[in-house]
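Just below is one structure, and these are the notes that go with it.
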Amino acid sequence: MIPYATAAEAEAALGRAMTWAEAAWYQYSAVMPDSWLHCHTTFILFVIYTIAPLPLLVLEQFAPSVVLPYKLQPRVRLPPAASLSCYMDAACIFPLAVALQFVCYPALAKILRTRMGLPLPSVRETIAQIVVYSLVEDYLSYWIHRLLHTEWCYRKIHRVHHEFTAPTGFAMSYSHWAENVVLSIPALAGPVLVPCHVTTQWLWFSIRLIEGINTHSGYHFPFSPSRLIPFYGGAAYHDYHHYAGGRSQSNFAPLFTYCDYIYRTDKGYRYHKLKQEKLKNLAECSAEKGGDY
């Protein structure tokens with residue numbers, strides 16, 4: 001809740017006129033409790049999780065010729081009922097998250113130290129914080145993911161997420177409840193270390209969810225702008241991890257590839273890529289000679 005009765009008081013405190021974004025933020029949040037603003041995060045994530053995977057799923061069912069050339073495992077096509085079941089099982093965590101946020105808000109407010117008022121963060125500040133959060137989250141998630149692939153953790157917890165050997169966007173949040181709790185720690189670690197404005201928090205978790213849906217989409221589009229991000233793994237990188245399943249000891253990092261490269265946990269993926277390239281070359285040679293490889 002912004003501690004100014006009028007916009008004039010807010011501008012007097014800022015020592016300048018509000019930008020259009022700050023004026024809009026003032027109008028929206030002036031009388032809204034901070035706990036409600038904090039819980040917006042879960043509502044935004046629920047909307048994104050519900051909508052973002054749909055375009056590819058719809059195209060796969062009704063216009064497969066458009067998207068199947070880019071599908072990483074084209075022989076595996078999930079029935080609509082299975083996608084709906086996956087969504088329903090995963091979406092039930094969102095109402096629980098809202099309730100938990102309300103109950104735990106006093107403690108969360110002290111830990112996160114999220115700013116709610118004015119001024120809004122600059123674009124430079126927001127980008128810098130998102131970069132820091134991405135690096136922190138990626139490194140911590142890498143080690144937690146490796147832990148989840150130990151025998152006991154995989155059998156008791158992580159195997160649920162690996163039920164989808166050819167993942168779909170909705171499979172991003174399809175996990176054991178314990179895994180969802182544990183993997184929320186790396187995502188929160190960045191904002192704890194570098195406190196931010198609540199709008200940056202919304203943006204960070206939205207970006208992270210969209211990226212997770214993308215890496216679980218099962219599709220690799222060579223013209224995607226994400227290929228411009230240095231060391232970004234993407235859908236092809238994580239799809240191999242699901243393809244290999246419980247025996248996978250490769251591609252643990254959720255965002256970037258540098259941790260797997262440094263700790264030598266990308267060997268299986270690199271061998272897989274070499275094998276694919278060899279098969280592709282054999283098929284091309286066979287086609288040139290008129291054969292049917």
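Naming scheme: A, B, ... for chains in displayed order of the structure tokens; residues 1 onward per chain; ligands 1 onward as shown.
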Residue contacts of His242 of chain A (12 Å, only C-alpha atoms) excluding same-chain residues fewer than 3 positions away, as number ranges by chain: A: 72-73, 149, 158-168, 171-172, 215-218, 235-239, 245-252, 269
Selection: 8 Å around segment 253-255 of chain A, only C-alpha atoms, excl. self and same-chain fewer than 5 positions, as a PyMOL selection string: chain A and resi 134+138-139+141-142+145+211-212+232-234+238+260
Can I get the selection written as a PDB file, in the first residue's frame, with C-alpha atoms?
ATOM      1  CA  SER A 134      18.806 -16.304 -13.609  1.00  0.00           C
ATOM      2  CA  ASP A 138      20.406 -21.928 -12.594  1.00  0.00           C
ATOM      3  CA  TYR A 139      23.384 -22.819 -10.407  1.00  0.00           C
ATOM      4  CA  SER A 141      18.793 -25.787  -9.455  1.00  0.00           C
ATOM      5  CA  TYR A 142      21.601 -27.678 -11.161  1.00  0.00           C
ATOM      6  CA  HIS A 145      18.413 -31.559  -9.849  1.00  0.00           C
ATOM      7  CA  GLU A 211      11.160 -20.468 -20.099  1.00  0.00           C
ATOM      8  CA  GLY A 212      10.240 -23.674 -18.268  1.00  0.00           C
ATOM      9  CA  TYR A 232      21.021 -21.064 -23.291  1.00  0.00           C
ATOM     10  CA  GLY A 233      20.034 -24.732 -23.369  1.00  0.00           C
ATOM     11  CA  GLY A 234      16.471 -24.609 -24.663  1.00  0.00           C
ATOM     12  CA  HIS A 238      16.119 -30.518 -21.770  1.00  0.00           C
ATOM     13  CA  ASP A 260      26.825 -29.215 -17.249  1.00  0.00           C
TER      14      ASP A 260
END
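Distance check against Phe43 of chain A using only C-alpha atoms: of A:Pro80, A:Pro95, A:Pro225, A:Pro74, the minimum falls on A:Pro95.
Contact shell of Thr200 of chain A at 10 Å (only C-alpha atoms; same-chain neighbours under 4 positions omitted): Thr114, Arg115, Leu120, Pro121, Val123, Glu125, Thr126, Ile127, Gln129, Ile130, Pro191, Pro195, Cys196, Trp204, Phe205 and Ser206 of chain A.
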Filtered DSSP result for segment 129-283 of chain A, state strand (DSSP E or B), as a PyMOL selection string: chain A and resi 197+219+232+256
Ala91 of chain A: which residues within 12 Å, counting only C-alpha atoms, same-chain residues fewer than 5 positions away excluded, as a PDB file with N, CA, C and O atoms, in the first residue's frame?
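Dumped everything to result-v8.pdb:
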ATOM      1  N   THR A  42       1.190 -15.399  -7.896  1.00  0.00           N
ATOM      2  CA  THR A  42       0.605 -16.714  -8.157  1.00  0.00           C
ATOM      3  C   THR A  42      -0.499 -16.635  -9.196  1.00  0.00           C
ATOM      4  O   THR A  42      -0.610 -17.507 -10.072  1.00  0.00           O
ATOM      5  N   PHE A  43      -1.322 -15.586  -9.134  1.00  0.00           N
ATOM      6  CA  PHE A  43      -2.392 -15.434 -10.119  1.00  0.00           C
ATOM      7  C   PHE A  43      -1.814 -15.268 -11.526  1.00  0.00           C
ATOM      8  O   PHE A  43      -2.283 -15.888 -12.484  1.00  0.00           O
ATOM      9  N   LEU A  45       1.102 -16.296 -12.610  1.00  0.00           N
ATOM     10  CA  LEU A  45       1.687 -17.570 -13.029  1.00  0.00           C
ATOM     11  C   LEU A  45       0.617 -18.567 -13.441  1.00  0.00           C
ATOM     12  O   LEU A  45       0.808 -19.338 -14.388  1.00  0.00           O
ATOM     13  N   PHE A  46      -0.509 -18.558 -12.748  1.00  0.00           N
ATOM     14  CA  PHE A  46      -1.600 -19.467 -13.096  1.00  0.00           C
ATOM     15  C   PHE A  46      -2.134 -19.160 -14.498  1.00  0.00           C
ATOM     16  O   PHE A  46      -2.380 -20.072 -15.300  1.00  0.00           O
ATOM     17  N   VAL A  47      -2.311 -17.888 -14.808  1.00  0.00           N
ATOM     18  CA  VAL A  47      -2.799 -17.494 -16.132  1.00  0.00           C
ATOM     19  C   VAL A  47      -1.800 -17.905 -17.216  1.00  0.00           C
ATOM     20  O   VAL A  47      -2.181 -18.465 -18.251  1.00  0.00           O
ATOM     21  N   ILE A  48      -0.513 -17.643 -16.974  1.00  0.00           N
ATOM     22  CA  ILE A  48       0.513 -18.012 -17.955  1.00  0.00           C
ATOM     23  C   ILE A  48       0.564 -19.521 -18.147  1.00  0.00           C
ATOM     24  O   ILE A  48       0.612 -20.019 -19.286  1.00  0.00           O
ATOM     25  N   TYR A  49       0.528 -20.264 -17.043  1.00  0.00           N
ATOM     26  CA  TYR A  49       0.603 -21.727 -17.126  1.00  0.00           C
ATOM     27  C   TYR A  49      -0.604 -22.303 -17.872  1.00  0.00           C
ATOM     28  O   TYR A  49      -0.485 -23.293 -18.597  1.00  0.00           O
ATOM     29  N   THR A  50      -1.760 -21.663 -17.732  1.00  0.00           N
ATOM     30  CA  THR A  50      -2.973 -22.143 -18.387  1.00  0.00           C
ATOM     31  C   THR A  50      -2.961 -21.859 -19.883  1.00  0.00           C
ATOM     32  O   THR A  50      -3.414 -22.685 -20.686  1.00  0.00           O
ATOM     33  N   ILE A  51      -2.414 -20.708 -20.280  1.00  0.00           N
ATOM     34  CA  ILE A  51      -2.527 -20.259 -21.671  1.00  0.00           C
ATOM     35  C   ILE A  51      -1.310 -20.612 -22.532  1.00  0.00           C
ATOM     36  O   ILE A  51      -1.453 -21.041 -23.685  1.00  0.00           O
ATOM     37  N   SER A  83      -3.075 -34.532 -21.819  1.00  0.00           N
ATOM     38  CA  SER A  83      -2.651 -33.150 -21.568  1.00  0.00           C
ATOM     39  C   SER A  83      -3.542 -32.492 -20.530  1.00  0.00           C
ATOM     40  O   SER A  83      -3.060 -31.784 -19.636  1.00  0.00           O
ATOM     41  N   LEU A  84      -4.852 -32.720 -20.633  1.00  0.00           N
ATOM     42  CA  LEU A  84      -5.793 -32.146 -19.665  1.00  0.00           C
ATOM     43  C   LEU A  84      -5.551 -32.708 -18.279  1.00  0.00           C
ATOM     44  O   LEU A  84      -5.572 -31.973 -17.280  1.00  0.00           O
ATOM     45  N   SER A  85      -5.314 -34.015 -18.199  1.00  0.00           N
ATOM     46  CA  SER A  85      -5.041 -34.643 -16.903  1.00  0.00           C
ATOM     47  C   SER A  85      -3.770 -34.080 -16.278  1.00  0.00           C
ATOM     48  O   SER A  85      -3.717 -33.808 -15.075  1.00  0.00           O
ATOM     49  N   CYS A  86      -2.740 -33.893 -17.123  1.00  0.00           N
ATOM     50  CA  CYS A  86      -1.483 -33.305 -16.651  1.00  0.00           C
ATOM     51  C   CYS A  86      -1.729 -31.901 -16.099  1.00  0.00           C
ATOM     52  O   CYS A  86      -1.243 -31.550 -15.025  1.00  0.00           O
ATOM     53  N   LEU A  96      -3.389 -23.623  -3.540  1.00  0.00           N
ATOM     54  CA  LEU A  96      -2.664 -23.887  -2.297  1.00  0.00           C
ATOM     55  C   LEU A  96      -1.549 -22.872  -2.089  1.00  0.00           C
ATOM     56  O   LEU A  96      -1.284 -22.440  -0.961  1.00  0.00           O
ATOM     57  N   ALA A  97      -0.914 -22.469  -3.184  1.00  0.00           N
ATOM     58  CA  ALA A  97       0.164 -21.481  -3.098  1.00  0.00           C
ATOM     59  C   ALA A  97      -0.360 -20.131  -2.626  1.00  0.00           C
ATOM     60  O   ALA A  97       0.283 -19.441  -1.829  1.00  0.00           O
ATOM     61  N   PHE A 170       2.681 -28.395 -20.322  1.00  0.00           N
ATOM     62  CA  PHE A 170       2.025 -28.570 -19.027  1.00  0.00           C
ATOM     63  C   PHE A 170       2.859 -29.435 -18.074  1.00  0.00           C
ATOM     64  O   PHE A 170       2.675 -29.384 -16.860  1.00  0.00           O
ATOM     65  N   ALA A 171       3.772 -30.240 -18.623  1.00  0.00           N
ATOM     66  CA  ALA A 171       4.605 -31.101 -17.774  1.00  0.00           C
ATOM     67  C   ALA A 171       5.625 -30.304 -16.978  1.00  0.00           C
ATOM     68  O   ALA A 171       6.260 -30.842 -16.073  1.00  0.00           O
ATOM     69  N   MET A 172       5.779 -29.028 -17.298  1.00  0.00           N
ATOM     70  CA  MET A 172       6.752 -28.206 -16.589  1.00  0.00           C
ATOM     71  C   MET A 172       6.481 -28.214 -15.078  1.00  0.00           C
ATOM     72  O   MET A 172       7.402 -28.303 -14.270  1.00  0.00           O
ATOM     73  N   SER A 173       5.216 -28.102 -14.689  1.00  0.00           N
ATOM     74  CA  SER A 173       4.864 -28.062 -13.259  1.00  0.00           C
ATOM     75  C   SER A 173       4.305 -29.381 -12.755  1.00  0.00           C
ATOM     76  O   SER A 173       3.818 -29.452 -11.623  1.00  0.00           O
ATOM     77  N   TYR A 174       4.357 -30.418 -13.584  1.00  0.00           N
ATOM     78  CA  TYR A 174       3.857 -31.728 -13.173  1.00  0.00           C
ATOM     79  C   TYR A 174       4.945 -32.437 -12.375  1.00  0.00           C
ATOM     80  O   TYR A 174       5.865 -33.031 -12.940  1.00  0.00           O
ATOM     81  N   SER A 175       4.852 -32.339 -11.070  1.00  0.00           N
ATOM     82  CA  SER A 175       5.904 -32.870 -10.193  1.00  0.00           C
ATOM     83  C   SER A 175       5.303 -33.278  -8.853  1.00  0.00           C
ATOM     84  O   SER A 175       4.179 -32.894  -8.502  1.00  0.00           O
ATOM     85  N   TRP A 177       4.822 -32.944  -4.943  1.00  0.00           N
ATOM     86  CA  TRP A 177       4.704 -31.687  -4.192  1.00  0.00           C
ATOM     87  C   TRP A 177       6.025 -31.299  -3.531  1.00  0.00           C
ATOM     88  O   TRP A 177       6.372 -30.113  -3.444  1.00  0.00           O
ATOM     89  N   ASN A 180       8.231 -29.524  -6.023  1.00  0.00           N
ATOM     90  CA  ASN A 180       7.797 -28.146  -6.250  1.00  0.00           C
ATOM     91  C   ASN A 180       8.268 -27.222  -5.133  1.00  0.00           C
ATOM     92  O   ASN A 180       8.678 -26.084  -5.381  1.00  0.00           O
TER      93      ASN A 180
END
DSSP-assigned alpha helix (DSSP H) members of segment 151-277 of chain A, reported as a ChimeraX atom specification: /A:151-156,177-193,198-215,234-244,258-262,267-277
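Each of A:Ile44, A:Arg16, A:Trp25, A:Gly169 was checked against Ile2 of chain A using only C-alpha atoms; the smallest atom-to-atom distance is that of A:Trp25.
Residues in contact range of segment 60-66 of chain A, defined as at most 10 Å between only C-alpha atoms, with sequence neighbours fewer than 6 positions away removed, read Leu54, Arg77, Leu78, Pro79 and Pro80 of chain A.
Going from atom CA of Arg208 of chain A over to atom CA of Leu118 of chain A, you cover 25.0 Å.
Counting only C-alpha atoms, the residue from A:Val98, A:Asn281, A:Pro119, A:Arg75 that sits nearest to Ala23 of chain A is A:Pro119.
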